[in-house]
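Structure file upload-v3.csv with CSV, C-alpha atoms:
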```
chain,number,residue,atom,x,y,z
A,1,MET,CA,64.6,-95.8,26.3
A,2,VAL,CA,61.4,-93.7,26.4
A,3,GLU,CA,61.0,-91.2,29.2
A,4,ILE,CA,58.7,-88.3,30.2
A,5,PHE,CA,60.1,-85.2,31.9
A,6,ALA,CA,57.4,-83.1,33.6
A,7,ALA,CA,57.3,-79.8,35.5
A,8,SER,CA,54.8,-77.2,36.7
A,9,PHE,CA,55.4,-75.4,33.5
A,10,VAL,CA,57.0,-76.3,30.2
A,11,LEU,CA,58.3,-73.3,28.2
A,12,PRO,CA,58.8,-74.4,24.6
A,13,LEU,CA,59.6,-70.8,23.4
A,14,ASN,CA,58.1,-71.5,20.0
A,15,SER,CA,54.6,-71.8,21.5
A,16,PRO,CA,52.8,-70.7,24.7
A,17,PRO,CA,53.8,-72.1,28.1
A,18,ILE,CA,52.2,-75.4,29.1
A,19,GLU,CA,51.0,-75.6,32.7
A,20,GLY,CA,51.5,-79.1,34.0
A,21,GLY,CA,53.4,-79.9,30.8
A,22,GLY,CA,55.9,-82.5,29.8
A,23,LEU,CA,58.4,-83.7,27.2
A,24,LEU,CA,58.5,-87.2,25.8
A,25,VAL,CA,62.1,-88.1,25.0
A,26,GLN,CA,63.4,-91.1,23.1
A,27,ASP,CA,66.9,-91.8,21.6
A,28,LYS,CA,68.2,-88.4,22.6
A,29,LYS,CA,65.4,-86.5,20.8
A,30,ILE,CA,62.1,-84.9,21.8
A,31,ILE,CA,59.2,-86.9,20.5
A,32,ALA,CA,56.3,-84.8,21.9
A,33,VAL,CA,55.6,-81.7,24.0
A,34,ALA,CA,52.2,-81.6,25.6
A,35,PRO,CA,50.3,-81.5,28.9
A,36,LEU,CA,51.5,-84.4,31.2
A,37,ASN,CA,48.0,-86.0,31.3
A,38,GLU,CA,48.0,-86.3,27.5
A,39,LEU,CA,51.4,-87.8,27.4
A,40,LYS,CA,50.5,-90.4,30.1
A,41,ARG,CA,47.4,-91.4,28.2
A,42,SER,CA,49.2,-91.9,25.0
A,43,TYR,CA,52.5,-93.4,26.1
A,44,SER,CA,53.6,-95.9,28.7
A,45,ALA,CA,56.9,-94.4,30.0
A,46,PRO,CA,58.5,-93.6,33.3
A,47,VAL,CA,57.9,-90.0,34.5
A,48,ASN,CA,60.6,-87.7,35.9
A,49,GLU,CA,58.7,-85.0,37.7
A,50,PHE,CA,60.0,-81.6,38.8
A,51,PRO,CA,57.3,-79.8,40.9
A,52,GLY,CA,57.7,-76.1,41.4
A,53,CYS,CA,60.0,-75.9,38.3
A,54,VAL,CA,60.0,-74.8,34.7
A,55,ILE,CA,61.4,-77.0,31.9
A,56,MET,CA,62.8,-74.8,29.1
A,57,PRO,CA,65.5,-74.9,26.3
A,58,GLY,CA,69.1,-74.8,27.4
A,59,MET,CA,70.8,-71.5,27.0
A,60,VAL,CA,72.8,-70.9,23.8
A,61,ASN,CA,75.8,-68.7,24.4
A,62,ALA,CA,76.4,-67.3,20.9
A,63,HIS,CA,79.8,-65.7,21.6
A,64,THR,CA,82.4,-66.7,24.1
A,65,HIS,CA,86.1,-67.6,24.4
A,66,LEU,CA,86.2,-70.6,26.7
A,67,GLU,CA,90.0,-71.0,26.3
A,68,LEU,CA,90.2,-67.7,28.4
A,69,THR,CA,88.2,-69.0,31.3
A,70,ARG,CA,91.2,-68.9,33.7
A,71,TYR,CA,92.2,-65.4,32.5
A,72,PRO,CA,91.7,-63.8,35.9
A,73,TYR,CA,94.2,-66.3,37.5
A,74,TRP,CA,96.7,-65.7,34.8
A,75,ARG,CA,96.4,-62.0,35.2
A,76,ARG,CA,97.0,-62.1,38.9
A,77,ALA,CA,100.0,-64.5,38.3
A,78,ALA,CA,101.5,-61.8,36.0
A,79,ASN,CA,101.1,-59.3,38.8
A,80,MET,CA,98.6,-57.2,36.8
A,81,VAL,CA,96.6,-55.5,39.6
A,82,ASP,CA,95.2,-52.3,38.1
A,83,PRO,CA,92.5,-52.6,35.5
A,84,SER,CA,93.2,-51.6,31.9
A,85,THR,CA,92.3,-48.0,31.3
A,86,SER,CA,91.4,-48.2,27.6
A,87,TYR,CA,90.4,-50.7,24.9
A,88,SER,CA,93.9,-50.6,23.3
A,89,ASP,CA,95.5,-51.2,26.7
A,90,TRP,CA,93.3,-54.2,27.3
A,91,ILE,CA,94.2,-55.6,23.9
A,92,GLN,CA,97.9,-55.3,24.8
A,93,GLU,CA,97.3,-56.9,28.2
A,94,ILE,CA,95.6,-59.9,26.6
A,95,ILE,CA,98.5,-60.4,24.2
A,96,ASN,CA,101.0,-60.2,27.1
A,97,VAL,CA,99.0,-62.6,29.3
A,98,LYS,CA,98.6,-65.2,26.5
A,99,ARG,CA,102.4,-65.0,25.8
A,100,SER,CA,103.0,-66.0,29.4
A,101,ILE,CA,101.0,-69.2,29.5
A,102,SER,CA,101.5,-72.7,28.3
A,103,LEU,CA,99.4,-75.0,26.2
A,104,ASP,CA,98.6,-77.0,29.4
A,105,ASP,CA,97.3,-73.7,30.9
A,106,LEU,CA,95.0,-73.1,27.9
A,107,GLU,CA,93.8,-76.7,27.9
A,108,ALA,CA,92.8,-76.5,31.6
A,109,SER,CA,91.1,-73.2,31.0
A,110,LEU,CA,89.0,-74.6,28.1
A,111,ARG,CA,88.0,-77.7,30.1
A,112,GLU,CA,86.9,-75.4,33.0
A,113,GLY,CA,85.0,-73.2,30.6
A,114,LEU,CA,83.1,-76.2,29.1
A,115,SER,CA,82.3,-77.4,32.6
A,116,LEU,CA,81.1,-74.0,33.9
A,117,SER,CA,78.9,-73.5,30.9
A,118,ILE,CA,77.0,-76.6,31.7
A,119,ALA,CA,76.8,-75.7,35.3
A,120,ASN,CA,75.2,-72.4,34.4
A,121,GLY,CA,72.5,-73.9,32.2
A,122,THR,CA,74.2,-73.5,28.8
A,123,THR,CA,73.8,-76.4,26.5
A,124,MET,CA,75.2,-74.9,23.3
A,125,VAL,CA,78.0,-72.4,22.6
A,126,GLY,CA,79.5,-70.4,19.7
A,127,ASP,CA,83.1,-70.6,20.9
A,128,ILE,CA,86.1,-68.7,19.5
A,129,LEU,CA,89.3,-70.7,19.5
A,130,SER,CA,92.8,-69.4,18.8
A,131,GLU,CA,94.8,-72.5,19.7
A,132,ARG,CA,94.1,-75.3,17.2
A,133,ARG,CA,95.8,-78.0,19.3
A,134,LEU,CA,92.9,-77.8,21.7
A,135,LEU,CA,90.2,-78.9,19.2
A,136,PRO,CA,90.0,-82.5,20.4
A,137,ILE,CA,89.1,-81.3,23.9
A,138,TYR,CA,85.6,-80.4,22.9
A,139,SER,CA,84.8,-84.1,22.6
A,140,ILE,CA,85.0,-84.6,26.4
A,141,SER,CA,82.1,-82.2,27.0
A,142,PRO,CA,78.3,-82.9,26.7
A,143,LEU,CA,78.1,-79.4,25.3
A,144,SER,CA,77.5,-78.8,21.6
A,145,GLY,CA,77.6,-75.9,19.2
A,146,ARG,CA,80.0,-74.4,16.8
A,147,VAL,CA,83.8,-73.7,17.2
A,148,TYR,CA,84.9,-70.6,15.2
A,149,LEU,CA,88.6,-70.9,14.4
A,150,GLU,CA,90.2,-67.5,15.0
A,151,PHE,CA,92.4,-65.8,12.4
A,152,ILE,CA,94.6,-62.8,13.0
A,153,GLY,CA,97.4,-61.5,10.8
A,154,ARG,CA,98.8,-58.9,8.5
A,155,ASP,CA,102.1,-60.7,7.7
A,156,PRO,CA,101.5,-63.5,5.2
A,157,LYS,CA,104.6,-65.4,6.5
A,158,ARG,CA,102.8,-65.8,9.8
A,159,TYR,CA,99.2,-66.5,9.0
A,160,GLY,CA,99.7,-68.9,6.1
A,161,ALA,CA,100.1,-72.0,8.2
A,162,ASN,CA,96.7,-71.7,9.9
A,163,LEU,CA,95.0,-71.0,6.5
A,164,GLU,CA,96.6,-74.1,4.9
A,165,SER,CA,95.7,-76.4,7.8
A,166,LEU,CA,92.1,-75.3,8.1
A,167,GLU,CA,90.6,-78.5,6.6
A,168,ARG,CA,92.7,-80.7,8.7
A,169,ASP,CA,91.9,-78.7,11.8
A,170,ILE,CA,88.1,-78.9,11.4
A,171,ALA,CA,88.3,-82.6,11.0
A,172,LEU,CA,89.5,-82.8,14.6
A,173,LEU,CA,86.1,-81.7,15.9
A,174,SER,CA,83.6,-84.2,17.5
A,175,ASP,CA,80.1,-84.8,16.1
A,176,ASN,CA,78.6,-82.4,18.7
A,177,PHE,CA,80.5,-79.4,17.4
A,178,LEU,CA,80.5,-78.0,13.9
A,179,ALA,CA,83.2,-75.6,12.6
A,180,GLY,CA,83.2,-72.0,11.7
A,181,ILE,CA,85.8,-69.3,11.1
A,182,SER,CA,86.4,-66.1,13.0
A,183,PRO,CA,88.4,-63.2,11.4
A,184,HIS,CA,89.2,-61.5,14.7
A,185,THR,CA,88.3,-57.9,13.9
A,186,PRO,CA,88.2,-55.8,10.8
A,187,PHE,CA,91.6,-54.2,11.7
A,188,THR,CA,93.6,-57.3,12.8
A,189,LEU,CA,93.6,-59.0,9.4
A,190,SER,CA,95.1,-57.8,6.2
A,191,GLU,CA,92.9,-57.2,3.2
A,192,LYS,CA,94.7,-60.2,1.5
A,193,LEU,CA,93.9,-62.5,4.4
A,194,PHE,CA,90.3,-61.4,4.5
A,195,SER,CA,90.1,-62.3,0.8
A,196,LEU,CA,91.7,-65.7,1.2
A,197,LEU,CA,89.7,-66.5,4.2
A,198,ARG,CA,86.4,-65.5,2.5
A,199,GLU,CA,87.1,-67.8,-0.4
A,200,LYS,CA,88.3,-70.7,1.8
A,201,GLY,CA,85.3,-70.3,4.1
A,202,ARG,CA,82.8,-70.3,1.2
A,203,GLY,CA,84.4,-73.3,-0.3
A,204,LEU,CA,84.0,-75.2,2.9
A,205,SER,CA,80.5,-73.7,3.7
A,206,LEU,CA,81.8,-72.3,7.1
A,207,PRO,CA,79.8,-69.7,9.0
A,208,GLN,CA,81.7,-66.8,10.3
A,209,SER,CA,81.9,-64.6,13.5
A,210,ILE,CA,83.7,-61.3,13.8
A,211,HIS,CA,84.2,-58.7,16.6
A,212,LEU,CA,82.7,-55.6,14.9
A,213,ALA,CA,82.6,-51.9,15.9
A,214,GLU,CA,83.4,-52.8,19.5
A,215,SER,CA,85.3,-49.5,20.2
A,216,LEU,CA,85.6,-45.9,19.1
A,217,ALA,CA,89.2,-46.8,18.3
A,218,GLU,CA,88.0,-49.0,15.5
A,219,LYS,CA,85.9,-46.1,14.1
A,220,GLU,CA,88.9,-43.8,14.1
A,221,PHE,CA,91.1,-46.4,12.4
A,222,PHE,CA,88.7,-47.0,9.5
A,223,LEU,CA,88.1,-43.3,9.1
A,224,ASP,CA,91.7,-42.1,8.7
A,225,SER,CA,94.1,-44.8,10.0
A,226,SER,CA,94.7,-42.9,13.2
A,227,GLY,CA,94.0,-43.2,16.9
A,228,ALA,CA,94.9,-45.9,19.5
A,229,ILE,CA,94.9,-48.8,17.1
A,230,ALA,CA,97.4,-47.1,14.7
A,231,ASP,CA,99.4,-45.4,17.4
A,232,THR,CA,99.6,-48.2,20.0
A,233,ILE,CA,98.4,-51.6,18.9
A,234,PHE,CA,100.1,-51.7,15.5
A,235,PRO,CA,103.6,-50.8,16.9
A,236,PHE,CA,103.1,-53.2,19.8
A,237,VAL,CA,102.7,-56.2,17.5
A,238,GLY,CA,105.2,-55.1,15.0
A,239,TRP,CA,102.8,-54.0,12.2
A,240,ASN,CA,104.2,-50.6,11.5
A,241,ASP,CA,104.8,-51.6,7.9
A,242,TYR,CA,101.2,-52.8,7.5
A,243,LEU,CA,99.4,-49.6,8.4
A,244,PRO,CA,96.7,-49.1,5.6
A,245,SER,CA,95.9,-45.8,3.9
A,246,PRO,CA,92.9,-43.9,5.3
A,247,MET,CA,89.7,-45.8,4.2
A,248,LYS,CA,87.3,-43.0,4.9
A,249,THR,CA,84.5,-45.4,5.9
A,250,THR,CA,83.2,-47.5,8.7
A,251,SER,CA,84.3,-51.0,9.4
A,252,THR,CA,80.8,-52.3,8.8
A,253,THR,CA,80.6,-50.6,5.4
A,254,TRP,CA,84.1,-51.9,4.6
A,255,LEU,CA,82.9,-55.5,5.4
A,256,ASP,CA,79.9,-55.0,3.2
A,257,GLU,CA,81.9,-53.7,0.3
A,258,ASN,CA,84.3,-56.7,0.6
A,259,GLY,CA,81.5,-59.3,0.6
A,260,TRP,CA,81.5,-60.3,4.2
A,261,LEU,CA,78.1,-59.2,5.5
A,262,SER,CA,75.6,-62.1,5.0
A,263,GLN,CA,73.3,-64.4,6.9
A,264,SER,CA,76.3,-66.6,7.6
A,265,LEU,CA,78.1,-63.9,9.6
A,266,LEU,CA,77.8,-63.0,13.3
A,267,ALA,CA,78.6,-59.4,14.0
A,268,VAL,CA,79.6,-59.4,17.7
A,269,HIS,CA,79.2,-56.3,19.8
A,270,ALA,CA,78.1,-53.7,17.1
A,271,VAL,CA,78.5,-50.9,19.7
A,272,HIS,CA,79.5,-48.1,17.4
A,273,VAL,CA,77.4,-48.7,14.3
A,274,THR,CA,75.8,-45.8,12.4
A,275,GLU,CA,72.3,-45.8,10.9
A,276,ASP,CA,73.9,-46.6,7.5
A,277,ASP,CA,75.7,-49.5,9.2
A,278,ILE,CA,72.5,-50.8,10.6
A,279,ASP,CA,71.0,-50.6,7.2
A,280,HIS,CA,73.9,-52.7,5.8
A,281,LEU,CA,73.4,-55.3,8.5
A,282,HIS,CA,69.6,-55.5,7.8
A,283,ARG,CA,69.9,-55.8,4.0
A,284,ASN,CA,72.4,-58.7,4.4
A,285,GLY,CA,70.5,-60.5,7.1
A,286,THR,CA,73.5,-60.3,9.5
A,287,THR,CA,72.9,-61.3,13.1
A,288,VAL,CA,74.3,-59.1,15.9
A,289,VAL,CA,75.4,-60.8,19.1
A,290,ILE,CA,75.0,-58.6,22.1
A,291,CYS,CA,77.7,-58.9,24.9
A,292,ALA,CA,76.6,-56.0,27.1
A,293,ARG,CA,78.5,-56.9,30.3
A,294,SER,CA,81.7,-57.1,28.4
A,295,ASN,CA,81.0,-53.7,26.7
A,296,HIS,CA,80.3,-52.2,30.1
A,297,ALA,CA,83.4,-53.6,31.7
A,298,LEU,CA,85.7,-52.2,28.9
A,299,GLY,CA,84.0,-48.8,29.0
A,300,VAL,CA,83.4,-48.9,25.2
A,301,GLY,CA,79.8,-47.9,25.4
A,302,MET,CA,76.6,-49.9,24.8
A,303,PRO,CA,75.1,-51.1,21.5
A,304,PRO,CA,72.1,-49.1,20.1
A,305,LEU,CA,69.8,-52.0,21.0
A,306,GLY,CA,66.6,-50.0,20.4
A,307,LYS,CA,67.7,-49.1,16.8
A,308,LEU,CA,68.8,-52.7,16.1
A,309,ILE,CA,65.4,-54.0,17.2
A,310,SER,CA,63.5,-51.4,15.2
A,311,ALA,CA,65.5,-52.4,12.1
A,312,ASN,CA,64.6,-56.0,12.6
A,313,ILE,CA,68.2,-57.1,13.0
A,314,PRO,CA,68.4,-60.8,14.2
A,315,LEU,CA,69.8,-60.7,17.7
A,316,ALA,CA,71.5,-63.2,19.9
A,317,ILE,CA,73.3,-63.0,23.3
A,318,GLY,CA,76.9,-63.9,24.3
A,319,THR,CA,78.8,-63.7,27.6
A,320,ASP,CA,82.1,-63.0,25.9
A,321,SER,CA,85.1,-64.2,27.9
A,322,MET,CA,86.3,-64.2,31.5
A,323,ALA,CA,88.9,-61.6,30.3
A,324,THR,CA,86.1,-59.1,30.7
A,325,VAL,CA,83.2,-60.6,32.7
A,326,ALA,CA,82.9,-62.2,36.1
A,327,SER,CA,81.0,-65.3,35.0
A,328,LEU,CA,80.0,-67.5,32.0
A,329,SER,CA,76.3,-67.4,33.2
A,330,MET,CA,73.9,-66.4,30.5
A,331,PHE,CA,71.4,-65.7,33.3
A,332,ASP,CA,73.8,-63.0,34.6
A,333,GLU,CA,73.9,-61.6,31.1
A,334,LEU,CA,70.1,-61.6,30.7
A,335,SER,CA,69.7,-59.9,34.1
A,336,PHE,CA,72.2,-57.2,33.2
A,337,LEU,CA,70.5,-56.6,29.8
A,338,MET,CA,67.1,-56.2,31.4
A,339,ASP,CA,68.6,-53.6,33.8
A,340,SER,CA,70.4,-51.8,31.1
A,341,PHE,CA,67.7,-51.7,28.4
A,342,PRO,CA,64.3,-51.7,30.4
A,343,LEU,CA,62.6,-49.7,27.6
A,344,ASP,CA,63.8,-51.8,24.7
A,345,LEU,CA,63.4,-55.4,26.0
A,346,SER,CA,60.8,-57.6,27.6
A,347,PRO,CA,61.7,-60.8,29.6
A,348,ASP,CA,60.1,-63.0,26.9
A,349,MET,CA,62.2,-61.3,24.2
A,350,VAL,CA,65.4,-61.7,26.1
A,351,LEU,CA,64.8,-65.4,26.8
A,352,ARG,CA,64.1,-66.0,23.1
A,353,MET,CA,67.3,-64.2,22.1
A,354,ALA,CA,69.2,-66.4,24.6
A,355,THR,CA,67.8,-69.7,23.2
A,356,TYR,CA,66.3,-69.7,19.8
A,357,GLY,CA,68.1,-66.5,18.7
A,358,GLY,CA,71.5,-68.0,19.7
A,359,ALA,CA,70.7,-71.3,18.0
A,360,GLN,CA,69.8,-69.5,14.8
A,361,ALA,CA,72.9,-67.3,15.1
A,362,ILE,CA,75.3,-70.2,15.1
A,363,LYS,CA,73.3,-72.2,12.6
A,364,ARG,CA,72.2,-75.0,15.0
A,365,ASP,CA,68.5,-74.2,15.2
A,366,ASP,CA,67.7,-77.5,13.4
A,367,CYS,CA,68.5,-79.2,16.7
A,368,ALA,CA,68.3,-76.6,19.5
A,369,GLY,CA,66.8,-73.4,20.7
A,370,THR,CA,63.2,-74.5,21.3
A,371,LEU,CA,61.4,-77.5,22.7
A,372,GLU,CA,59.6,-79.3,19.8
A,373,ALA,CA,59.4,-82.7,18.3
A,374,GLY,CA,62.4,-83.7,16.3
A,375,LYS,CA,64.9,-81.5,18.1
A,376,ARG,CA,67.6,-82.9,20.4
A,377,ALA,CA,66.5,-83.2,24.0
A,378,ASP,CA,68.6,-80.3,25.4
A,379,PHE,CA,66.8,-78.6,28.2
A,380,ILE,CA,67.2,-77.1,31.7
A,381,VAL,CA,65.0,-77.4,34.8
A,382,VAL,CA,64.7,-74.1,36.6
A,383,LYS,CA,63.2,-74.0,40.1
A,384,VAL,CA,61.0,-70.9,40.6
A,385,ASP,CA,59.6,-70.2,44.1
A,386,GLY,CA,56.0,-69.3,44.6
A,387,ASP,CA,52.9,-69.3,42.3
A,388,LEU,CA,54.0,-69.6,38.7
A,389,ARG,CA,50.7,-68.6,37.2
A,390,GLY,CA,51.0,-64.8,37.4
A,391,GLY,CA,51.8,-64.3,33.8
A,392,LYS,CA,55.4,-63.2,34.6
A,393,LEU,CA,57.1,-66.6,34.1
A,394,ALA,CA,60.0,-65.3,32.0
A,395,GLU,CA,60.7,-62.5,34.3
A,396,ARG,CA,60.8,-64.8,37.3
A,397,ILE,CA,63.2,-67.1,35.5
A,398,ILE,CA,65.6,-64.3,34.7
A,399,THR,CA,65.5,-62.5,38.0
A,400,SER,CA,65.9,-65.5,40.3
A,401,PRO,CA,67.2,-68.5,38.4
A,402,ASP,CA,67.9,-71.7,40.4
A,403,ILE,CA,69.1,-74.4,38.0
A,404,GLU,CA,67.9,-77.7,39.2
A,405,ALA,CA,69.2,-79.9,36.4
A,406,VAL,CA,70.7,-79.7,32.9
A,407,TYR,CA,69.9,-82.3,30.3
A,408,VAL,CA,71.8,-82.7,27.0
A,409,ALA,CA,70.5,-85.3,24.5
A,410,GLY,CA,68.0,-86.5,27.2
A,411,ALA,CA,70.8,-87.3,29.7
A,412,ILE,CA,71.8,-85.4,32.8
A,413,ALA,CA,74.8,-83.3,32.1
A,414,THR,CA,77.7,-82.4,34.4
```

Rewritten as structure tokens:
Amino acid sequence: MVEIFAASFVLPLNSPPIEGGGLLVQDKKIIAVAPLNELKRSYSAPVNEFPGCVIMPGMVNAHTHLELTRYPYWRRAANMVDPSTSYSDWIQEIINVKRSISLDDLEASLREGLSLSIANGTTMVGDILSERRLLPIYSISPLSGRVYLEFIGRDPKRYGANLESLERDIALLSDNFLAGISPHTPFTLSEKLFSLLREKGRGLSLPQSIHLAESLAEKEFFLDSSGAIADTIFPFVGWNDYLPSPMKTTSTTWLDENGWLSQSLLAVHAVHVTEDDIDHLHRNGTTVVICARSNHALGVGMPPLGKLISANIPLAIGTDSMATVASLSMFDELSFLMDSFPLDLSPDMVLRMATYGGAQAIKRDDCAGTLEAGKRADFIVVKVDGDLRGGKLAERIITSPDIEAVYVAGAIAT
């Protein structure tokens, strides 16, 4: 079926906004993007009109943990009232909470996260998954993206099974979702597991995502094997025998020296990166995913966004999980970013980071991130009050989003 979707403005994000624009959609794909009058002259097709609205690409949430969507409920059920006072306390809290819940709890949480993502205008995600048995659940959602299978471990007796089953696990994903791997952090995997995972990932051509330089504790650990990670987290998980010798470096430099920094890797957070670290990221073409609300909630600081932009580091945006943020809304994330970095960001830049930047980051920009012929018809309709011709379209969308409809592959998504 051929259809036209028209609005007061179409915002392709790879070209200027089109006043009175439209999309021609056929067989789940965009055939043309042009002024509505041109489309009507050239094609005989029903028109779905959205006056007072903007049609734009769906949001791409480049880093989240949808299996943790119900985390606030689990926390309350475990009688955890007071907030964690440090990054290391929060890590221990998450471990305790996850030990207290069932597979059914995790499944319900993932389903809710998939649904909430769509409701908030997100059409593609880069999702971190720790529980492999949930992989078939992604097929129920109209969402698409990439699922990064998480790896944690320093004891080879415990991490071997997940490594051996990797190929079988990724075969469980539906067509809409591609696979990736996620070494959790530079300090929660042994050097041996990093090496095995790197070779396995390269053999299967799997992109990677890692939480990098999120806290000062990580900086201390890589400098001299001290601080909260060594003194608190390692004993808590029974890793006393696996404490490495002082590395006298940064986690970013360590990853570079061990062959991990590349265009295939997402460096999530990058809060505590040095100028040398930023140079390593730039030389390797590594994308940084900014999760500012999460960083603020944990009190770990904020990424040096101005320096990352000046160094031409590819940037994307993620909400992170409901273990740290109050919503899975990318629009909430964009609004917080604009308030936090008013001198470093423009509304147009932020919208591009949240769409095309995210699609590039998770290696799905062949089908998403912009509105152009040949890409899948993933788009959102955003109602914006008042005159839309003032030159501040992106700013109006970010500050007062009202999502009228979400379309995935040309069909309304719920």

Kindly provide, as a list of chain:residue names, the polymer residues lying within 7 Å of (95.6, -63.6, 13.2), counting all atoms listed in the file and using the coordinates exactly as they appear in the file. A:Glu150, A:Phe151, A:Ile152, A:Gly153, A:Tyr159, A:His184, A:Thr188, A:Leu189

Minimum-distance residue to Ala161 in chain A, chosen among A:Ala34, A:Met124, A:Leu334, A:Leu193 (using all atoms listed in the file): A:Leu193

Please determine, counting all atoms listed in the file, which residue among A:Leu68, A:Ile181, A:Ile397, A:Met330 has the shortest atom-to-atom distance to Cys53 in chain A. A:Ile397

Residues within 9 Å of range 311-316 of chain A, please, as number ranges by chain. Count all atoms listed in the file; anything in the same chain fewer than 2 positions from it doesn't count. A: 60-63, 278-279, 281-282, 285-290, 306-309, 318, 350, 352-361

Pick the closest to Asp332 in chain A from A:Val237, A:Ala292, A:Ala6, A:Val97: which is it, counting all atoms listed in the file?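 Once distances to Asp332 in chain A are computed over all atoms listed in the file, the minimum belongs to A:Ala292.
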
Counting only C-alpha atoms, I want the residues whose atoms come within 10 Å of (77.3, -66.0, 29.9) in the file frame, returned as a PDB file with C-alpha atoms, in the coordinates of the input.
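File written: out28.pdb
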```pdb
ATOM      1  CA  MET A  59      70.800 -71.500  27.000  1.00  0.00           C
ATOM      2  CA  VAL A  60      72.800 -70.900  23.800  1.00  0.00           C
ATOM      3  CA  ASN A  61      75.800 -68.700  24.400  1.00  0.00           C
ATOM      4  CA  ALA A  62      76.400 -67.300  20.900  1.00  0.00           C
ATOM      5  CA  HIS A  63      79.800 -65.700  21.600  1.00  0.00           C
ATOM      6  CA  THR A  64      82.400 -66.700  24.100  1.00  0.00           C
ATOM      7  CA  LEU A 116      81.100 -74.000  33.900  1.00  0.00           C
ATOM      8  CA  SER A 117      78.900 -73.500  30.900  1.00  0.00           C
ATOM      9  CA  ASN A 120      75.200 -72.400  34.400  1.00  0.00           C
ATOM     10  CA  GLY A 121      72.500 -73.900  32.200  1.00  0.00           C
ATOM     11  CA  THR A 122      74.200 -73.500  28.800  1.00  0.00           C
ATOM     12  CA  VAL A 125      78.000 -72.400  22.600  1.00  0.00           C
ATOM     13  CA  CYS A 291      77.700 -58.900  24.900  1.00  0.00           C
ATOM     14  CA  ARG A 293      78.500 -56.900  30.300  1.00  0.00           C
ATOM     15  CA  ILE A 317      73.300 -63.000  23.300  1.00  0.00           C
ATOM     16  CA  GLY A 318      76.900 -63.900  24.300  1.00  0.00           C
ATOM     17  CA  THR A 319      78.800 -63.700  27.600  1.00  0.00           C
ATOM     18  CA  ASP A 320      82.100 -63.000  25.900  1.00  0.00           C
ATOM     19  CA  SER A 321      85.100 -64.200  27.900  1.00  0.00           C
ATOM     20  CA  MET A 322      86.300 -64.200  31.500  1.00  0.00           C
ATOM     21  CA  VAL A 325      83.200 -60.600  32.700  1.00  0.00           C
ATOM     22  CA  ALA A 326      82.900 -62.200  36.100  1.00  0.00           C
ATOM     23  CA  SER A 327      81.000 -65.300  35.000  1.00  0.00           C
ATOM     24  CA  LEU A 328      80.000 -67.500  32.000  1.00  0.00           C
ATOM     25  CA  SER A 329      76.300 -67.400  33.200  1.00  0.00           C
ATOM     26  CA  MET A 330      73.900 -66.400  30.500  1.00  0.00           C
ATOM     27  CA  PHE A 331      71.400 -65.700  33.300  1.00  0.00           C
ATOM     28  CA  ASP A 332      73.800 -63.000  34.600  1.00  0.00           C
ATOM     29  CA  GLU A 333      73.900 -61.600  31.100  1.00  0.00           C
ATOM     30  CA  LEU A 334      70.100 -61.600  30.700  1.00  0.00           C
ATOM     31  CA  ALA A 354      69.200 -66.400  24.600  1.00  0.00           C
TER      32      ALA A 354
END
```

When distances are computed from all atoms listed in the file, which of A:Leu11, A:Ser335, A:Leu173, A:His272 shows the smallest separation from Pro136 in chain A?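 Nearest candidate to Pro136 in chain A out of A:Leu11, A:Ser335, A:Leu173, A:His272: A:Leu173.
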
Might you pull out every residue within 8 Å of Met56 in chain A, with only C-alpha atoms counted and same-chain residues fewer than 3 positions away left off, and present them as an MDAnalysis selection string? chainID A and resid 10:13 370:371 379:382

Could you check how far CA of Glu167 in chain A sits from CA of Gln263 in chain A, in Å to one decimal?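 Going from CA of Glu167 in chain A over to CA of Gln263 in chain A, I get 22.3 Å.
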
Of the listed residues A:Leu23, A:Val54, A:Met302, A:Ser86, that which approaches Ser8 in chain A most closely, counting all atoms listed in the file: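 Closest residue, counting all atoms listed in the file: A:Val54.
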
Might you pull out every residue within 8 Å of Arg198 in chain A, with all atoms listed in the file counted and same-chain residues fewer than 4 positions away left off, and present them as a PyMOL selection string? chain A and resi 194+202+260

Excluding range 98-107 of chain A and its own-chain neighbours fewer than 5 positions away, which residues fall within 9 Å of it when counting all atoms listed in the file? Please give them as a VMD selection string. chain A and resid 67 to 71 74 78 93 112 131 133 to 134 137

When you count all atoms listed in the file, which of these residues is closest to Pro46 in chain A: A:Asp224, A:Asp231, A:Glu3, A:Asp89?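 The answer is A:Glu3, which sits nearest to Pro46 in chain A.
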
I'd like the interatomic distance between CA of Lys219 in chain A and CA of Glu199 in chain A, to a tenth of an Å. 26.1 Å

Atom-to-atom span, CA of Ser141 in chain A and CA of Gly21 in chain A, Å: 29.0 Å

Compile the contact shell of Ile118 in chain A as a list in words: residues with an atom at most 9 Å away, counting only C-alpha atoms, same-chain residues fewer than 5 positions apart removed.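 Near neighbours after the sequence-gap exclusion: Gly113, Thr123, Met124, Ser141, Pro142, Leu143, Val406, Ala413 and Thr414 of chain A.
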